[in-house]
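Peer 1: Please find work.txt (compact mmCIF, N, CA and C atoms) on the next line:
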```txt
# COMPACT_ATOMS: atom_id res chain seq x y z
N MET Q 1 99.85 122.73 106.94
CA MET Q 1 98.65 121.93 106.96
C MET Q 1 98.93 120.62 107.70
N ALA Q 2 98.02 120.23 108.58
CA ALA Q 2 98.19 119.01 109.36
C ALA Q 2 98.01 117.79 108.47
N PHE Q 3 98.86 116.83 108.69
CA PHE Q 3 98.77 115.56 107.97
C PHE Q 3 97.53 114.80 108.42
N ILE Q 4 97.33 114.77 109.73
CA ILE Q 4 96.12 114.18 110.31
C ILE Q 4 95.40 115.30 111.02
N LYS Q 5 94.26 115.66 110.50
CA LYS Q 5 93.46 116.72 111.12
C LYS Q 5 92.56 116.06 112.16
N TRP Q 6 92.73 116.49 113.42
CA TRP Q 6 91.94 115.91 114.49
C TRP Q 6 90.47 116.20 114.26
N SER Q 7 89.66 115.21 114.53
CA SER Q 7 88.23 115.34 114.29
C SER Q 7 87.46 114.65 115.42
N PRO Q 8 86.24 115.10 115.69
CA PRO Q 8 85.41 114.42 116.68
C PRO Q 8 85.17 112.94 116.34
N ASP Q 9 85.37 112.57 115.09
CA ASP Q 9 85.22 111.16 114.70
C ASP Q 9 86.22 110.26 115.41
N TYR Q 10 87.30 110.85 115.92
CA TYR Q 10 88.33 110.08 116.61
C TYR Q 10 88.09 110.01 118.12
N GLU Q 11 87.06 110.67 118.61
CA GLU Q 11 86.83 110.75 120.05
C GLU Q 11 85.76 109.75 120.49
N PHE Q 12 85.99 109.21 121.71
CA PHE Q 12 85.07 108.21 122.26
C PHE Q 12 84.43 108.65 123.57
N GLY Q 13 84.84 109.80 124.09
CA GLY Q 13 84.30 110.23 125.38
C GLY Q 13 84.98 109.54 126.55
N ILE Q 14 86.14 108.94 126.29
CA ILE Q 14 86.98 108.37 127.34
C ILE Q 14 88.23 109.24 127.36
N PRO Q 15 88.28 110.19 128.31
CA PRO Q 15 89.32 111.23 128.26
C PRO Q 15 90.74 110.72 128.06
N GLU Q 16 91.14 109.70 128.81
CA GLU Q 16 92.52 109.23 128.68
C GLU Q 16 92.80 108.66 127.29
N MET Q 17 91.82 107.96 126.73
CA MET Q 17 92.00 107.40 125.39
C MET Q 17 92.00 108.51 124.35
N ASP Q 18 91.08 109.44 124.47
CA ASP Q 18 91.01 110.55 123.50
C ASP Q 18 92.30 111.37 123.52
N GLU Q 19 92.83 111.63 124.71
CA GLU Q 19 94.07 112.40 124.81
C GLU Q 19 95.25 111.64 124.21
N GLN Q 20 95.29 110.33 124.43
CA GLN Q 20 96.37 109.53 123.84
C GLN Q 20 96.29 109.54 122.31
N HIS Q 21 95.09 109.41 121.78
CA HIS Q 21 94.92 109.44 120.33
C HIS Q 21 95.32 110.81 119.76
N LYS Q 22 94.95 111.89 120.46
CA LYS Q 22 95.34 113.23 120.01
C LYS Q 22 96.86 113.38 120.01
N HIS Q 23 97.49 112.88 121.07
CA HIS Q 23 98.95 112.98 121.16
C HIS Q 23 99.61 112.19 120.03
N PHE Q 24 99.08 111.02 119.75
CA PHE Q 24 99.64 110.20 118.68
C PHE Q 24 99.48 110.91 117.33
N ALA Q 25 98.33 111.52 117.10
CA ALA Q 25 98.13 112.28 115.86
C ALA Q 25 99.13 113.43 115.77
N ASP Q 26 99.38 114.09 116.89
CA ASP Q 26 100.37 115.18 116.92
C ASP Q 26 101.77 114.65 116.57
N LEU Q 27 102.15 113.50 117.12
CA LEU Q 27 103.44 112.90 116.79
C LEU Q 27 103.55 112.60 115.30
N LEU Q 28 102.49 112.05 114.74
CA LEU Q 28 102.50 111.75 113.30
C LEU Q 28 102.61 113.03 112.48
N ASN Q 29 101.91 114.07 112.91
CA ASN Q 29 101.99 115.35 112.20
C ASN Q 29 103.40 115.93 112.25
N ARG Q 30 104.03 115.85 113.41
CA ARG Q 30 105.41 116.37 113.53
C ARG Q 30 106.38 115.56 112.69
N PHE Q 31 106.21 114.24 112.66
CA PHE Q 31 107.08 113.40 111.85
C PHE Q 31 106.88 113.71 110.36
N TYR Q 32 105.63 113.86 109.96
CA TYR Q 32 105.32 114.19 108.57
C TYR Q 32 105.96 115.53 108.19
N GLU Q 33 105.83 116.52 109.07
CA GLU Q 33 106.44 117.83 108.80
C GLU Q 33 107.96 117.70 108.65
N GLY Q 34 108.56 116.83 109.45
CA GLY Q 34 110.00 116.60 109.33
C GLY Q 34 110.36 115.99 107.99
N LEU Q 35 109.52 115.09 107.49
CA LEU Q 35 109.78 114.51 106.18
C LEU Q 35 109.65 115.56 105.08
N VAL Q 36 108.57 116.35 105.17
CA VAL Q 36 108.32 117.38 104.16
C VAL Q 36 109.44 118.42 104.16
N ASP Q 37 109.88 118.80 105.35
CA ASP Q 37 110.94 119.81 105.47
C ASP Q 37 112.32 119.22 105.24
N GLN Q 38 112.37 117.92 104.99
CA GLN Q 38 113.62 117.21 104.76
C GLN Q 38 114.59 117.43 105.92
N ASP Q 39 114.06 117.21 107.12
CA ASP Q 39 114.89 117.32 108.31
C ASP Q 39 116.04 116.31 108.24
N THR Q 40 117.00 116.54 109.08
CA THR Q 40 118.15 115.64 109.13
C THR Q 40 117.73 114.26 109.60
N LYS Q 41 118.55 113.30 109.27
CA LYS Q 41 118.33 111.92 109.71
C LYS Q 41 118.21 111.87 111.23
N ASP Q 42 119.08 112.61 111.93
CA ASP Q 42 119.06 112.59 113.40
C ASP Q 42 117.73 113.11 113.95
N HIS Q 43 117.22 114.19 113.36
CA HIS Q 43 115.95 114.74 113.83
C HIS Q 43 114.80 113.78 113.54
N LEU Q 44 114.80 113.17 112.36
CA LEU Q 44 113.75 112.20 112.03
C LEU Q 44 113.80 111.01 112.99
N LEU Q 45 115.00 110.59 113.35
CA LEU Q 45 115.12 109.47 114.29
C LEU Q 45 114.62 109.84 115.68
N ILE Q 46 114.86 111.07 116.09
CA ILE Q 46 114.32 111.53 117.38
C ILE Q 46 112.79 111.46 117.35
N LEU Q 47 112.20 112.00 116.29
CA LEU Q 47 110.74 111.97 116.16
C LEU Q 47 110.22 110.54 116.07
N LEU Q 48 110.91 109.71 115.32
CA LEU Q 48 110.49 108.33 115.15
C LEU Q 48 110.61 107.56 116.47
N ASN Q 49 111.69 107.78 117.20
CA ASN Q 49 111.84 107.13 118.51
C ASN Q 49 110.74 107.55 119.47
N GLU Q 50 110.38 108.83 119.42
CA GLU Q 50 109.29 109.30 120.26
C GLU Q 50 107.98 108.61 119.87
N ALA Q 51 107.74 108.46 118.58
CA ALA Q 51 106.54 107.78 118.11
C ALA Q 51 106.55 106.31 118.52
N ILE Q 52 107.70 105.67 118.44
CA ILE Q 52 107.80 104.27 118.84
C ILE Q 52 107.51 104.12 120.33
N ASP Q 53 108.13 104.96 121.14
CA ASP Q 53 107.90 104.90 122.59
C ASP Q 53 106.44 105.16 122.93
N TYR Q 54 105.86 106.17 122.29
CA TYR Q 54 104.47 106.50 122.61
C TYR Q 54 103.52 105.42 122.11
N THR Q 55 103.81 104.85 120.96
CA THR Q 55 102.98 103.77 120.44
C THR Q 55 102.97 102.60 121.42
N HIS Q 56 104.15 102.26 121.91
CA HIS Q 56 104.24 101.16 122.88
C HIS Q 56 103.43 101.49 124.14
N TYR Q 57 103.59 102.70 124.64
CA TYR Q 57 102.83 103.12 125.82
C TYR Q 57 101.33 103.06 125.56
N HIS Q 58 100.89 103.64 124.46
CA HIS Q 58 99.46 103.69 124.15
C HIS Q 58 98.88 102.28 124.01
N PHE Q 59 99.59 101.42 123.29
CA PHE Q 59 99.09 100.07 123.10
C PHE Q 59 99.01 99.31 124.42
N SER Q 60 99.98 99.52 125.29
CA SER Q 60 99.92 98.84 126.59
C SER Q 60 98.72 99.35 127.40
N GLU Q 61 98.40 100.63 127.29
CA GLU Q 61 97.23 101.18 127.97
C GLU Q 61 95.94 100.60 127.39
N GLU Q 62 95.88 100.48 126.06
CA GLU Q 62 94.69 99.87 125.44
C GLU Q 62 94.52 98.43 125.89
N VAL Q 63 95.61 97.69 125.94
CA VAL Q 63 95.53 96.28 126.37
C VAL Q 63 95.01 96.20 127.80
N LYS Q 64 95.48 97.08 128.68
CA LYS Q 64 94.98 97.09 130.06
C LYS Q 64 93.47 97.33 130.08
N MET Q 65 93.01 98.27 129.25
CA MET Q 65 91.57 98.56 129.20
C MET Q 65 90.80 97.33 128.73
N MET Q 66 91.32 96.67 127.71
CA MET Q 66 90.65 95.48 127.17
C MET Q 66 90.66 94.34 128.18
N GLN Q 67 91.76 94.16 128.88
CA GLN Q 67 91.84 93.12 129.90
C GLN Q 67 90.85 93.41 131.02
N ASP Q 68 90.73 94.67 131.38
CA ASP Q 68 89.85 95.10 132.47
C ASP Q 68 88.39 94.74 132.20
N ILE Q 69 88.01 94.72 130.92
CA ILE Q 69 86.61 94.43 130.58
C ILE Q 69 86.44 93.01 130.03
N GLY Q 70 87.50 92.25 129.98
CA GLY Q 70 87.42 90.88 129.46
C GLY Q 70 87.10 90.83 127.98
N TYR Q 71 87.71 91.74 127.23
CA TYR Q 71 87.44 91.85 125.79
C TYR Q 71 87.84 90.56 125.07
N SER Q 72 86.90 89.99 124.33
CA SER Q 72 87.11 88.67 123.72
C SER Q 72 88.10 88.67 122.56
N ALA Q 73 88.33 89.81 121.92
CA ALA Q 73 89.24 89.87 120.77
C ALA Q 73 90.60 90.45 121.15
N LEU Q 74 90.98 90.28 122.40
CA LEU Q 74 92.25 90.84 122.88
C LEU Q 74 93.45 90.29 122.11
N ILE Q 75 93.46 89.01 121.84
CA ILE Q 75 94.60 88.42 121.13
C ILE Q 75 94.75 89.04 119.75
N GLU Q 76 93.65 89.23 119.04
CA GLU Q 76 93.70 89.85 117.72
C GLU Q 76 94.19 91.29 117.79
N GLN Q 77 93.72 92.02 118.80
CA GLN Q 77 94.17 93.40 118.99
C GLN Q 77 95.67 93.46 119.26
N LYS Q 78 96.15 92.57 120.12
CA LYS Q 78 97.58 92.54 120.43
C LYS Q 78 98.40 92.24 119.17
N LYS Q 79 97.88 91.37 118.32
CA LYS Q 79 98.58 91.04 117.06
C LYS Q 79 98.64 92.28 116.17
N MET Q 80 97.53 93.02 116.06
CA MET Q 80 97.53 94.26 115.26
C MET Q 80 98.53 95.26 115.83
N HIS Q 81 98.56 95.38 117.14
CA HIS Q 81 99.50 96.30 117.78
C HIS Q 81 100.94 95.90 117.46
N SER Q 82 101.22 94.63 117.58
CA SER Q 82 102.57 94.13 117.30
C SER Q 82 102.96 94.39 115.84
N ASP Q 83 102.02 94.18 114.93
CA ASP Q 83 102.30 94.41 113.51
C ASP Q 83 102.69 95.86 113.24
N ILE Q 84 101.96 96.80 113.80
CA ILE Q 84 102.28 98.21 113.53
C ILE Q 84 103.59 98.60 114.22
N GLU Q 85 103.83 98.09 115.41
CA GLU Q 85 105.10 98.39 116.07
C GLU Q 85 106.27 97.84 115.25
N ASN Q 86 106.11 96.65 114.70
CA ASN Q 86 107.16 96.06 113.86
C ASN Q 86 107.39 96.87 112.59
N ARG Q 87 106.32 97.37 111.99
CA ARG Q 87 106.46 98.17 110.77
C ARG Q 87 107.20 99.47 111.05
N ILE Q 88 106.86 100.10 112.15
CA ILE Q 88 107.54 101.35 112.51
C ILE Q 88 109.02 101.08 112.81
N GLU Q 89 109.28 100.00 113.52
CA GLU Q 89 110.67 99.65 113.83
C GLU Q 89 111.44 99.33 112.55
N LYS Q 90 110.82 98.67 111.61
CA LYS Q 90 111.47 98.37 110.33
C LYS Q 90 111.80 99.67 109.58
N PHE Q 91 110.88 100.62 109.64
CA PHE Q 91 111.12 101.92 109.02
C PHE Q 91 112.32 102.60 109.67
N LYS Q 92 112.40 102.51 110.99
CA LYS Q 92 113.54 103.09 111.71
C LYS Q 92 114.85 102.44 111.25
N GLN Q 93 114.85 101.13 111.14
CA GLN Q 93 116.07 100.43 110.71
C GLN Q 93 116.48 100.86 109.29
N THR Q 94 115.51 101.10 108.44
CA THR Q 94 115.80 101.57 107.09
C THR Q 94 116.52 102.91 107.14
N ILE Q 95 116.02 103.80 108.00
CA ILE Q 95 116.66 105.12 108.14
C ILE Q 95 118.07 104.97 108.71
N LEU Q 96 118.22 104.12 109.73
CA LEU Q 96 119.52 103.93 110.37
C LEU Q 96 120.57 103.39 109.38
N LEU Q 97 120.12 102.56 108.46
CA LEU Q 97 121.04 101.96 107.49
C LEU Q 97 121.26 102.84 106.26
N ASN Q 98 120.71 104.07 106.32
CA ASN Q 98 120.85 105.02 105.20
C ASN Q 98 120.32 104.47 103.88
N LYS Q 99 119.33 103.62 103.97
CA LYS Q 99 118.71 103.10 102.75
C LYS Q 99 117.66 104.09 102.28
N PRO Q 100 117.39 104.07 101.00
CA PRO Q 100 116.33 104.96 100.50
C PRO Q 100 115.00 104.61 101.18
N VAL Q 101 114.29 105.64 101.54
CA VAL Q 101 113.04 105.46 102.26
C VAL Q 101 111.90 105.97 101.39
N LEU Q 102 110.91 105.13 101.20
CA LEU Q 102 109.70 105.58 100.51
C LEU Q 102 108.83 106.25 101.56
N SER Q 103 109.27 107.41 102.01
CA SER Q 103 108.70 108.03 103.19
C SER Q 103 107.21 108.32 103.08
N MET Q 104 106.76 108.85 101.96
CA MET Q 104 105.34 109.17 101.84
C MET Q 104 104.50 107.89 101.82
N GLU Q 105 105.03 106.84 101.21
CA GLU Q 105 104.30 105.57 101.21
C GLU Q 105 104.14 105.06 102.64
N VAL Q 106 105.22 105.11 103.39
CA VAL Q 106 105.19 104.63 104.77
C VAL Q 106 104.27 105.50 105.62
N ILE Q 107 104.41 106.81 105.53
CA ILE Q 107 103.60 107.70 106.36
C ILE Q 107 102.12 107.59 105.98
N ASN Q 108 101.82 107.41 104.71
CA ASN Q 108 100.42 107.20 104.31
C ASN Q 108 99.87 105.89 104.86
N GLU Q 109 100.72 104.88 104.91
CA GLU Q 109 100.30 103.61 105.50
C GLU Q 109 100.00 103.78 106.98
N ILE Q 110 100.86 104.52 107.67
CA ILE Q 110 100.64 104.76 109.10
C ILE Q 110 99.37 105.58 109.32
N LYS Q 111 99.15 106.57 108.47
CA LYS Q 111 97.92 107.38 108.58
C LYS Q 111 96.69 106.52 108.36
N SER Q 112 96.72 105.66 107.35
CA SER Q 112 95.59 104.76 107.10
C SER Q 112 95.36 103.85 108.30
N TRP Q 113 96.46 103.33 108.83
CA TRP Q 113 96.33 102.47 110.00
C TRP Q 113 95.73 103.25 111.16
N PHE Q 114 96.21 104.47 111.40
CA PHE Q 114 95.73 105.28 112.52
C PHE Q 114 94.21 105.47 112.43
N THR Q 115 93.73 105.91 111.28
CA THR Q 115 92.30 106.16 111.16
C THR Q 115 91.50 104.86 111.24
N TYR Q 116 91.99 103.81 110.62
CA TYR Q 116 91.28 102.52 110.67
C TYR Q 116 91.25 102.00 112.10
N HIS Q 117 92.39 102.04 112.76
CA HIS Q 117 92.46 101.47 114.11
C HIS Q 117 91.51 102.19 115.07
N ILE Q 118 91.48 103.50 115.00
CA ILE Q 118 90.60 104.25 115.90
C ILE Q 118 89.14 104.08 115.51
N GLN Q 119 88.83 104.31 114.24
CA GLN Q 119 87.43 104.33 113.83
C GLN Q 119 86.79 102.95 113.69
N ILE Q 120 87.59 101.92 113.52
CA ILE Q 120 87.02 100.58 113.36
C ILE Q 120 87.37 99.69 114.56
N GLU Q 121 88.66 99.46 114.77
CA GLU Q 121 89.08 98.50 115.79
C GLU Q 121 88.79 98.98 117.21
N ASP Q 122 89.13 100.21 117.54
CA ASP Q 122 88.88 100.69 118.90
C ASP Q 122 87.38 100.78 119.19
N LYS Q 123 86.60 101.14 118.21
CA LYS Q 123 85.15 101.23 118.42
C LYS Q 123 84.55 99.89 118.81
N LYS Q 124 85.21 98.80 118.44
CA LYS Q 124 84.69 97.48 118.75
C LYS Q 124 84.62 97.22 120.26
N TYR Q 125 85.52 97.81 121.03
CA TYR Q 125 85.47 97.55 122.47
C TYR Q 125 85.07 98.77 123.30
N VAL Q 126 84.98 99.93 122.72
CA VAL Q 126 84.68 101.14 123.49
C VAL Q 126 83.30 101.09 124.15
N GLU Q 127 82.30 100.66 123.43
CA GLU Q 127 80.96 100.61 124.03
C GLU Q 127 80.90 99.62 125.19
N LEU Q 128 81.55 98.47 125.01
CA LEU Q 128 81.62 97.50 126.10
C LEU Q 128 82.35 98.11 127.29
N TYR Q 129 83.44 98.80 127.02
CA TYR Q 129 84.21 99.44 128.09
C TYR Q 129 83.33 100.43 128.86
N LYS Q 130 82.60 101.24 128.15
CA LYS Q 130 81.74 102.23 128.81
C LYS Q 130 80.66 101.55 129.65
N ARG Q 131 80.06 100.48 129.11
CA ARG Q 131 79.01 99.77 129.87
C ARG Q 131 79.59 99.15 131.14
N VAL Q 132 80.73 98.49 131.02
CA VAL Q 132 81.35 97.85 132.17
C VAL Q 132 81.73 98.88 133.22
N LYS Q 133 82.34 99.98 132.78
CA LYS Q 133 82.78 101.02 133.72
C LYS Q 133 81.61 101.73 134.37
N SER Q 134 80.50 101.87 133.68
CA SER Q 134 79.35 102.57 134.27
C SER Q 134 78.70 101.73 135.38
N LYS Q 135 78.91 100.43 135.35
CA LYS Q 135 78.34 99.54 136.38
C LYS Q 135 79.22 99.46 137.63
N LYS Q 136 80.45 99.95 137.54
CA LYS Q 136 81.36 99.86 138.69
C LYS Q 136 81.22 101.05 139.59
```
Go through the file and emit its structure as structure tokens.
Peer 2:
Amino acid sequence: MAFIKWSPDYEFGIPEMDEQHKHFADLLNRFYEGLVDQDTKDHLLILLNEAIDYTHYHFSEEVKMMQDIGYSALIEQKKMHSDIENRIEKFKQTILLNKPVLSMEVINEIKSWFTYHIQIEDKKYVELYKRVKSKK
């Protein structure tokens, strides 16, 4: 069973953004499956590193989109992006140090963030993005 079941609620009709969100959901699902299956530390780190790299890429793409349309809440969005990147990196450090990991708590937090960020925060600039792009 998928940890994050993809839904049309996550789609905005902007192909590159929708594909990035789908890919991120897939990464989270694979990481969750690794936790459930109690994969090795090395395998979890590979999945986590992939999620970190992709998160950084996706956020940089979102920032470019927001800059392109002159989005007024760009600073707040960048702060949210930085916060989640820091949380994921902190989780990675916990695994690297062989400390006990409250894995389900962390993964549930990331899932909550994922759905909130897409359905609330991204929606704040998507309509503006579509209007600006349709005029070009």
Peer 1: When you draw a straight line from atom CA of Q:Tyr32 to atom CA of Q:Glu105, how long is it in Å?
Peer 2: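 Atom-to-atom, atom CA of Q:Tyr32 to atom CA of Q:Glu105, that is 11.4 Å.
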Peer 1: Have a look at atom C of Q:Met80 and atom N of Q:Thr40 and let me know their distance in Å, one decimal.
Peer 2: 29.0 Å
Peer 1: Place a sphere of radius 8 Å on (81.8, 108.0, 121.9) in the file coordinates and name every protein, DNA or RNA residue with an atom inside or on its surface, counting only C-alpha atoms; give the answer as a list in words.
Peer 2: Glu11, Phe12, Gly13, Ile14, Val126 and Glu127 of chain Q
Peer 1: Would you mind telling me which residue in Q:Glu76, Q:Asp42, Q:Asp26, Q:Glu16 lies nearest to Q:Phe114 when using only C-alpha atoms?
Peer 2: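 Using only C-alpha atoms, Q:Phe114 sits closest to Q:Asp26.
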Peer 1: Name the closest residue to Q:Glu89 among the candidates Q:Lys64, Q:His56, Q:Arg131, Q:His43; distances are taken between atoms, counting only C-alpha atoms.
Peer 2: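 For Q:Glu89, the nearest of the candidates is Q:His56.
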Peer 1: Quick one: residues within 8 Å of Q:Tyr71, all atoms listed in the file counted, chain neighbours fewer than 5 positions away excluded, as a list in words?
Peer 2: Met65, Met66 and Tyr125 of chain Q
Peer 1: Please produce an output containing N, CA and C atoms for each residue in the selection, written as a PDB file, keeping the file's coordinate frame.
Peer 2:
```
ATOM      1  N   MET Q  65      93.010  98.270 129.250  1.00  0.00           N
ATOM      2  CA  MET Q  65      91.570  98.560 129.200  1.00  0.00           C
ATOM      3  C   MET Q  65      90.800  97.330 128.730  1.00  0.00           C
ATOM      4  N   MET Q  66      91.320  96.670 127.710  1.00  0.00           N
ATOM      5  CA  MET Q  66      90.650  95.480 127.170  1.00  0.00           C
ATOM      6  C   MET Q  66      90.660  94.340 128.180  1.00  0.00           C
ATOM      7  N   TYR Q 125      85.520  97.810 121.030  1.00  0.00           N
ATOM      8  CA  TYR Q 125      85.470  97.550 122.470  1.00  0.00           C
ATOM      9  C   TYR Q 125      85.070  98.770 123.300  1.00  0.00           C
TER      10      TYR Q 125
END
```
Peer 1: With distances taken over all atoms listed in the file, which residue among Q:Val63, Q:Leu27, Q:Met17, Q:Ile95 lies nearest Q:Leu45?
Peer 2: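 Closest candidate: Q:Ile95.
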Peer 1: Which residue gives the smallest distance to Q:Lys5 among Q:Leu97, Q:Tyr116, Q:Ile84, Q:Asn29, with only C-alpha atoms counted?
Peer 2: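 Of Q:Leu97, Q:Tyr116, Q:Ile84, Q:Asn29, the one nearest Q:Lys5 is Q:Asn29, counting only C-alpha atoms.
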Peer 1: For atom CA of Q:Gln38 and atom CA of Q:Thr55, quote the distance in Å rounded to one decimal.
Peer 2: 23.2 Å
Peer 1: In stretch 31-123 of chain Q, what's alpha helix (DSSP H) per DSSP? Answer as a PyMOL selection string?
Peer 2: chain Q and resi 31-36+41-69+74-96+103-116+123
Peer 1: Please output stretch 23-36 of chain Q, rebuilt to include N, CA, C and O atoms, as a tab-separated table (two decimals), keeping the file's coordinate frame.
Peer 2:
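The resulting file, part.tsv, is reproduced below:
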```
chain	number	residue	atom	x	y	z
Q	23	HIS	N	97.49	112.88	121.07
Q	23	HIS	CA	98.95	112.98	121.16
Q	23	HIS	C	99.61	112.19	120.03
Q	23	HIS	O	100.57	112.65	119.42
Q	24	PHE	N	99.08	111.02	119.75
Q	24	PHE	CA	99.64	110.20	118.68
Q	24	PHE	C	99.48	110.91	117.33
Q	24	PHE	O	100.40	110.92	116.51
Q	25	ALA	N	98.33	111.52	117.10
Q	25	ALA	CA	98.13	112.28	115.86
Q	25	ALA	C	99.13	113.43	115.77
Q	25	ALA	O	99.69	113.69	114.70
Q	26	ASP	N	99.38	114.09	116.89
Q	26	ASP	CA	100.37	115.18	116.92
Q	26	ASP	C	101.77	114.65	116.57
Q	26	ASP	O	102.50	115.28	115.80
Q	27	LEU	N	102.15	113.50	117.12
Q	27	LEU	CA	103.44	112.90	116.79
Q	27	LEU	C	103.55	112.60	115.30
Q	27	LEU	O	104.57	112.88	114.67
Q	28	LEU	N	102.49	112.05	114.74
Q	28	LEU	CA	102.50	111.75	113.30
Q	28	LEU	C	102.61	113.03	112.48
Q	28	LEU	O	103.33	113.07	111.48
Q	29	ASN	N	101.91	114.07	112.91
Q	29	ASN	CA	101.99	115.35	112.20
Q	29	ASN	C	103.40	115.93	112.25
Q	29	ASN	O	103.92	116.43	111.24
Q	30	ARG	N	104.03	115.85	113.41
Q	30	ARG	CA	105.41	116.37	113.53
Q	30	ARG	C	106.38	115.56	112.69
Q	30	ARG	O	107.28	116.12	112.05
Q	31	PHE	N	106.21	114.24	112.66
Q	31	PHE	CA	107.08	113.40	111.85
Q	31	PHE	C	106.88	113.71	110.36
Q	31	PHE	O	107.84	113.86	109.61
Q	32	TYR	N	105.63	113.86	109.96
Q	32	TYR	CA	105.32	114.19	108.57
Q	32	TYR	C	105.96	115.53	108.19
Q	32	TYR	O	106.57	115.66	107.13
Q	33	GLU	N	105.83	116.52	109.07
Q	33	GLU	CA	106.44	117.83	108.80
Q	33	GLU	C	107.96	117.70	108.65
Q	33	GLU	O	108.56	118.36	107.80
Q	34	GLY	N	108.56	116.83	109.45
Q	34	GLY	CA	110.00	116.60	109.33
Q	34	GLY	C	110.36	115.99	107.99
Q	34	GLY	O	111.38	116.36	107.39
Q	35	LEU	N	109.52	115.09	107.49
Q	35	LEU	CA	109.78	114.51	106.18
Q	35	LEU	C	109.65	115.56	105.08
Q	35	LEU	O	110.48	115.67	104.19
Q	36	VAL	N	108.57	116.35	105.17
Q	36	VAL	CA	108.32	117.38	104.16
Q	36	VAL	C	109.44	118.42	104.16
Q	36	VAL	O	109.92	118.84	103.10
```
